[in-house]
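Peer 1: Structure provided below as structure tokens; questions to follow.
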Amino acid sequence: MRILTGIQASGRPHLGNILGAIRPAIKLSKNPANESFLFIADLHTLTSLKDGKQLRENTYAIAAAWLACGFDADKNFFYRQSKLAGYHTELMWYLNCFTPFPMLANATSFKDKSEKLGDVNAGLFTYPVLQAADIMLYDAQIVPVGKDQRQHLEMTRDLGGAFNRQYGEDTLVLPEAKIDEAVMTIPGIDGLKMSKSLNNYIDIFLDEKELLKVVKKVVTDAKTLEDVKNPDEDNVFKLYSLVANSKEIEEMRANYLAGGYGYGHAKNALHAVLVREFKEEREKFEYYMNHIPELEQKLQEGEAKAEVIAKSTIQRIRKKMNLDD
Ligand code: TYM
């Protein structure tokens with residue numbers, strides 16, 4: 001199977017990105033029957049971030065996170081979208097010409113973003129079409145993502161279907177989203193969906209002290225240490241349940257229900273489990289961020305490999321479209 005997924009370069013990846021997309025994608029990539037395309041969606045990021053230097057720094061951070069979380073870039077495909085921009089945007093244009101205006105105008109992600117942002121640009125509007133091109137350019141079959149991407153995957157299939165009706169059913173491969181129930185919406189420190197734009201995210205690559213400061217900000221109700229607490233309504237417990245092992249989760253549940261266990265205790269336990277569970281990832285992340293030329297080399301090798309596939313898909317599509325002699 002061909003697996004593909006991307007992460008925007010809007011900052012360092014947070015716990016939501018890691019549990020919702022990075023880990024599930026890497027797990028699939030370990031299956032020798034799969035070929036994985038994991039990339040950095042830096043062209044998408046331009047819709048909101050214009051500073052090239054910042055964009056490049058973020059791009060390295062995402063690349064470092066993919067590798068730190070165990071992605072084997074040598075056996076798979078690992079690249080920056082911007083380095084293959086010619087292919088991505090060419091397919092995007094073809095798909096644009098099959099995209100009904102209302103499909104984009106009614107897209108949830110566009111409505112959400114355009115309400116929040118001052119800069120509502122055309123890139124933001126056509127964002128899902130570039131995403132559809134990212135996916136179908138590599139004939140991806142499975143796209144592991146968080147729940148917020150479900151609609152983009154449906155749009156990808158719709159656009160691919162419309163394109164194939166015009167040019168033949170074997171022109172584009174229609175992908176399936178793979179959305180893992182347990183991690184499809186990771187909550188942030190305020191209980192809303194964890195996201196960069198809401199500034200409610202946990203960056204697991206922070207140093208231990210800084211990480212503790214963030215964990216201490218997890219919003220709870222005002223119950224005192226003695227009070228009995230409901231674990232199922234508490235953000236600290238919800239986050240802990242995503243990272244701790246089942247014995248630890250049951251212990252914390254019992255502590256909440258018994259009383260005499262404060263949110264401060266729970267926050268310290270959450271911090272400890274984050275540091276423990278992401279020990280290797282944190283070390284490797286630090287390593288790659290201090291060895292940028294190594295990252296750069298892996299990306300360039302990945303980009304050369306990805307280009308072969310992108311080029312051949314574009315040739316196939318142009319032929320189907322009868323664009324060339
Ligand atoms: P981005 O960068 O916003 O998020 C990257 C991935 O992380 C998932 N995610 C979450 N999952 C669970 N809980 C959360 N709180 C959470 N926050 C983020 C997202 O669902 C996503 O899977 N449009 C994409 C980038 C992209 C892409 C693609 C993805 C561009 N082209 C092609 C797949 C295929 C995005 O904005 O991701």
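Ordering of the structure tokens sets the chain letters (A, B, ...), residue numbers begin anew at 1 in every chain, and ligands are numbered from 1 in the order given.
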Quick one: residues within 9 Å of ligand 1, with only C-alpha atoms and all ligand atoms, as a VMD selection string?

Peer 2: chain A and resid 4 to 11 13 to 22 38 to 45 81 127 to 128 130 to 135 143 to 150 152 to 153 177 179 183 to 188 192 to 196 201

Peer 1: In segment 92-194 of chain A, what's helix (DSSP H, G or I) per DSSP? Answer as a PyMOL selection string?

Peer 2: chain A and resi 92-96+101-105+108-116+122-136+147-167+181-183

Peer 1: Ala258 of chain A: which residues within 10 Å, counting only C-alpha atoms, same-chain residues fewer than 4 positions away excluded, as a VMD selection string?

Peer 2: chain A and resid 226 to 229 252 to 254

Peer 1: Provide the atom CA of Phe71 of chain A to atom CA of Arg282 of chain A distance in Å, to one decimal place.

Peer 2: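 These atoms are spaced 14.3 Å apart.
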
Peer 1: From the list A:Leu117, A:Ala122, A:Ala272, A:Val129, which residue is nearest Thr99 of chain A when using only C-alpha atoms?

Peer 2: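 Closest to Thr99 of chain A of all the choices is A:Val129.
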
Peer 1: Point out the residue among A:Tyr138, A:Phe125, A:Tyr60, A:Tyr288 with the least atom-to-atom distance to Arg2 of chain A, counting only C-alpha atoms.

Peer 2: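 For Arg2 of chain A, the nearest of the candidates is A:Tyr138.
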
Peer 1: Between segment 28-119 of chain A and segment 204-218 of chain A, at 12 Å or less, what are the per-residue closest atom pairs and their distances in Å? Count only C-alpha atoms, order by chain and rising residue number, and return it as CSV.

Peer 2:
```
residue,atom,partner,partner_atom,distance
A:Ala61,CA,A:Phe205,CA,9.9
A:Ile62,CA,A:Phe205,CA,11.3
A:Ala64,CA,A:Phe205,CA,10.6
A:Ala65,CA,A:Phe205,CA,8.9
A:Ala68,CA,A:Phe205,CA,10.3
A:Cys69,CA,A:Phe205,CA,11.4
```

Peer 1: Residues as selected, all heavy atoms, written as a PDB file, in the first residue's frame, can you do that?

Peer 2:
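Dumped to part09.pdb:
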```pdb
ATOM      1  N   ALA A  61      12.303  21.742  11.836  1.00  0.00           N
ATOM      2  CA  ALA A  61      11.740  21.183  13.079  1.00  0.00           C
ATOM      3  C   ALA A  61      10.772  20.042  12.768  1.00  0.00           C
ATOM      4  O   ALA A  61      10.751  19.019  13.457  1.00  0.00           O
ATOM      5  CB  ALA A  61      11.050  22.276  13.888  1.00  0.00           C
ATOM      6  N   ILE A  62       9.987  20.208  11.720  1.00  0.00           N
ATOM      7  CA  ILE A  62       9.051  19.119  11.365  1.00  0.00           C
ATOM      8  C   ILE A  62       9.841  17.905  10.862  1.00  0.00           C
ATOM      9  O   ILE A  62       9.549  16.759  11.233  1.00  0.00           O
ATOM     10  CB  ILE A  62       8.037  19.552  10.269  1.00  0.00           C
ATOM     11  CG1 ILE A  62       7.282  20.823  10.664  1.00  0.00           C
ATOM     12  CG2 ILE A  62       7.070  18.411   9.945  1.00  0.00           C
ATOM     13  CD1 ILE A  62       6.286  20.673  11.761  1.00  0.00           C
ATOM     14  N   ALA A  64      12.887  17.109  11.655  1.00  0.00           N
ATOM     15  CA  ALA A  64      13.549  16.491  12.811  1.00  0.00           C
ATOM     16  C   ALA A  64      12.551  15.646  13.606  1.00  0.00           C
ATOM     17  O   ALA A  64      12.880  14.564  14.090  1.00  0.00           O
ATOM     18  CB  ALA A  64      14.152  17.573  13.714  1.00  0.00           C
ATOM     19  N   ALA A  65      11.313  16.135  13.701  1.00  0.00           N
ATOM     20  CA  ALA A  65      10.296  15.393  14.462  1.00  0.00           C
ATOM     21  C   ALA A  65       9.949  14.069  13.775  1.00  0.00           C
ATOM     22  O   ALA A  65       9.816  13.038  14.426  1.00  0.00           O
ATOM     23  CB  ALA A  65       9.048  16.237  14.644  1.00  0.00           C
ATOM     24  N   ALA A  68      12.864  11.874  14.511  1.00  0.00           N
ATOM     25  CA  ALA A  68      12.941  11.581  15.949  1.00  0.00           C
ATOM     26  C   ALA A  68      11.876  10.563  16.354  1.00  0.00           C
ATOM     27  O   ALA A  68      12.084   9.756  17.253  1.00  0.00           O
ATOM     28  CB  ALA A  68      12.771  12.862  16.756  1.00  0.00           C
ATOM     29  N   CYS A  69      10.745  10.596  15.671  1.00  0.00           N
ATOM     30  CA  CYS A  69       9.659   9.666  16.019  1.00  0.00           C
ATOM     31  C   CYS A  69       9.849   8.313  15.334  1.00  0.00           C
ATOM     32  O   CYS A  69       8.984   7.440  15.426  1.00  0.00           O
ATOM     33  CB  CYS A  69       8.299  10.270  15.690  1.00  0.00           C
ATOM     34  SG  CYS A  69       7.885  11.651  16.765  1.00  0.00           S
TER      35      CYS A  69
END
```

Peer 1: Would you kindly return, as a ChimeraX atom specification, each protein, DNA or RNA residue with an atom no farther than 7 Å from any atom of Gly302 of chain A, considering only C-alpha atoms and excluding same-chain residues fewer than 4 positions away?

Peer 2: /A:77-79,298,306

Peer 1: Grab the residues selected above and save them as a short mmCIF file (atom, residue, chain, number, x, y, z; two decimals), in the first residue's frame with N, CA, C and O atoms.

Peer 2:
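The resulting selection_5.cif:
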```cif
data_model
loop_
_atom_site.label_atom_id
_atom_site.label_comp_id
_atom_site.auth_asym_id
_atom_site.auth_seq_id
_atom_site.Cartn_x
_atom_site.Cartn_y
_atom_site.Cartn_z
N PHE A 77 9.97 7.74 1.48
CA PHE A 77 10.05 9.02 0.75
C PHE A 77 9.84 10.16 1.74
O PHE A 77 8.85 10.16 2.48
N PHE A 78 10.74 11.09 1.75
CA PHE A 78 10.77 12.13 2.79
C PHE A 78 11.17 13.43 2.10
O PHE A 78 12.27 13.53 1.55
N TYR A 79 10.29 14.42 2.08
CA TYR A 79 10.59 15.60 1.25
C TYR A 79 9.81 16.84 1.68
O TYR A 79 8.83 16.76 2.41
N LYS A 298 19.29 14.25 4.17
CA LYS A 298 18.20 13.25 4.09
C LYS A 298 17.05 13.79 3.25
O LYS A 298 16.44 13.08 2.47
N ALA A 306 11.49 11.23 -4.57
CA ALA A 306 10.08 11.61 -4.75
C ALA A 306 9.86 12.20 -6.14
O ALA A 306 8.81 12.01 -6.76
#
```

Peer 1: Kindly give the distance, in Å, that separates atom CA of Leu49 of chain A and atom CA of Ser109 of chain A, rounded to a single decimal.

Peer 2: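 Here the two named atoms are 16.8 Å from each other.
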
Peer 1: Counting only C-alpha atoms, which residue out of A:Gly259, A:Ala105, A:Asn58, A:Glu169 sits closest to Asn230 of chain A?

Peer 2: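 Among the listed residues, A:Gly259 lies closest to Asn230 of chain A.
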
Peer 1: Choose the residue, out of A:Arg80, A:His88, A:Lys27, A:Lys53, that has the smallest atom-to-atom separation from Ala310 of chain A; count only C-alpha atoms.

Peer 2: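 Ranked by minimum distance to Ala310 of chain A, first place goes to A:His88.
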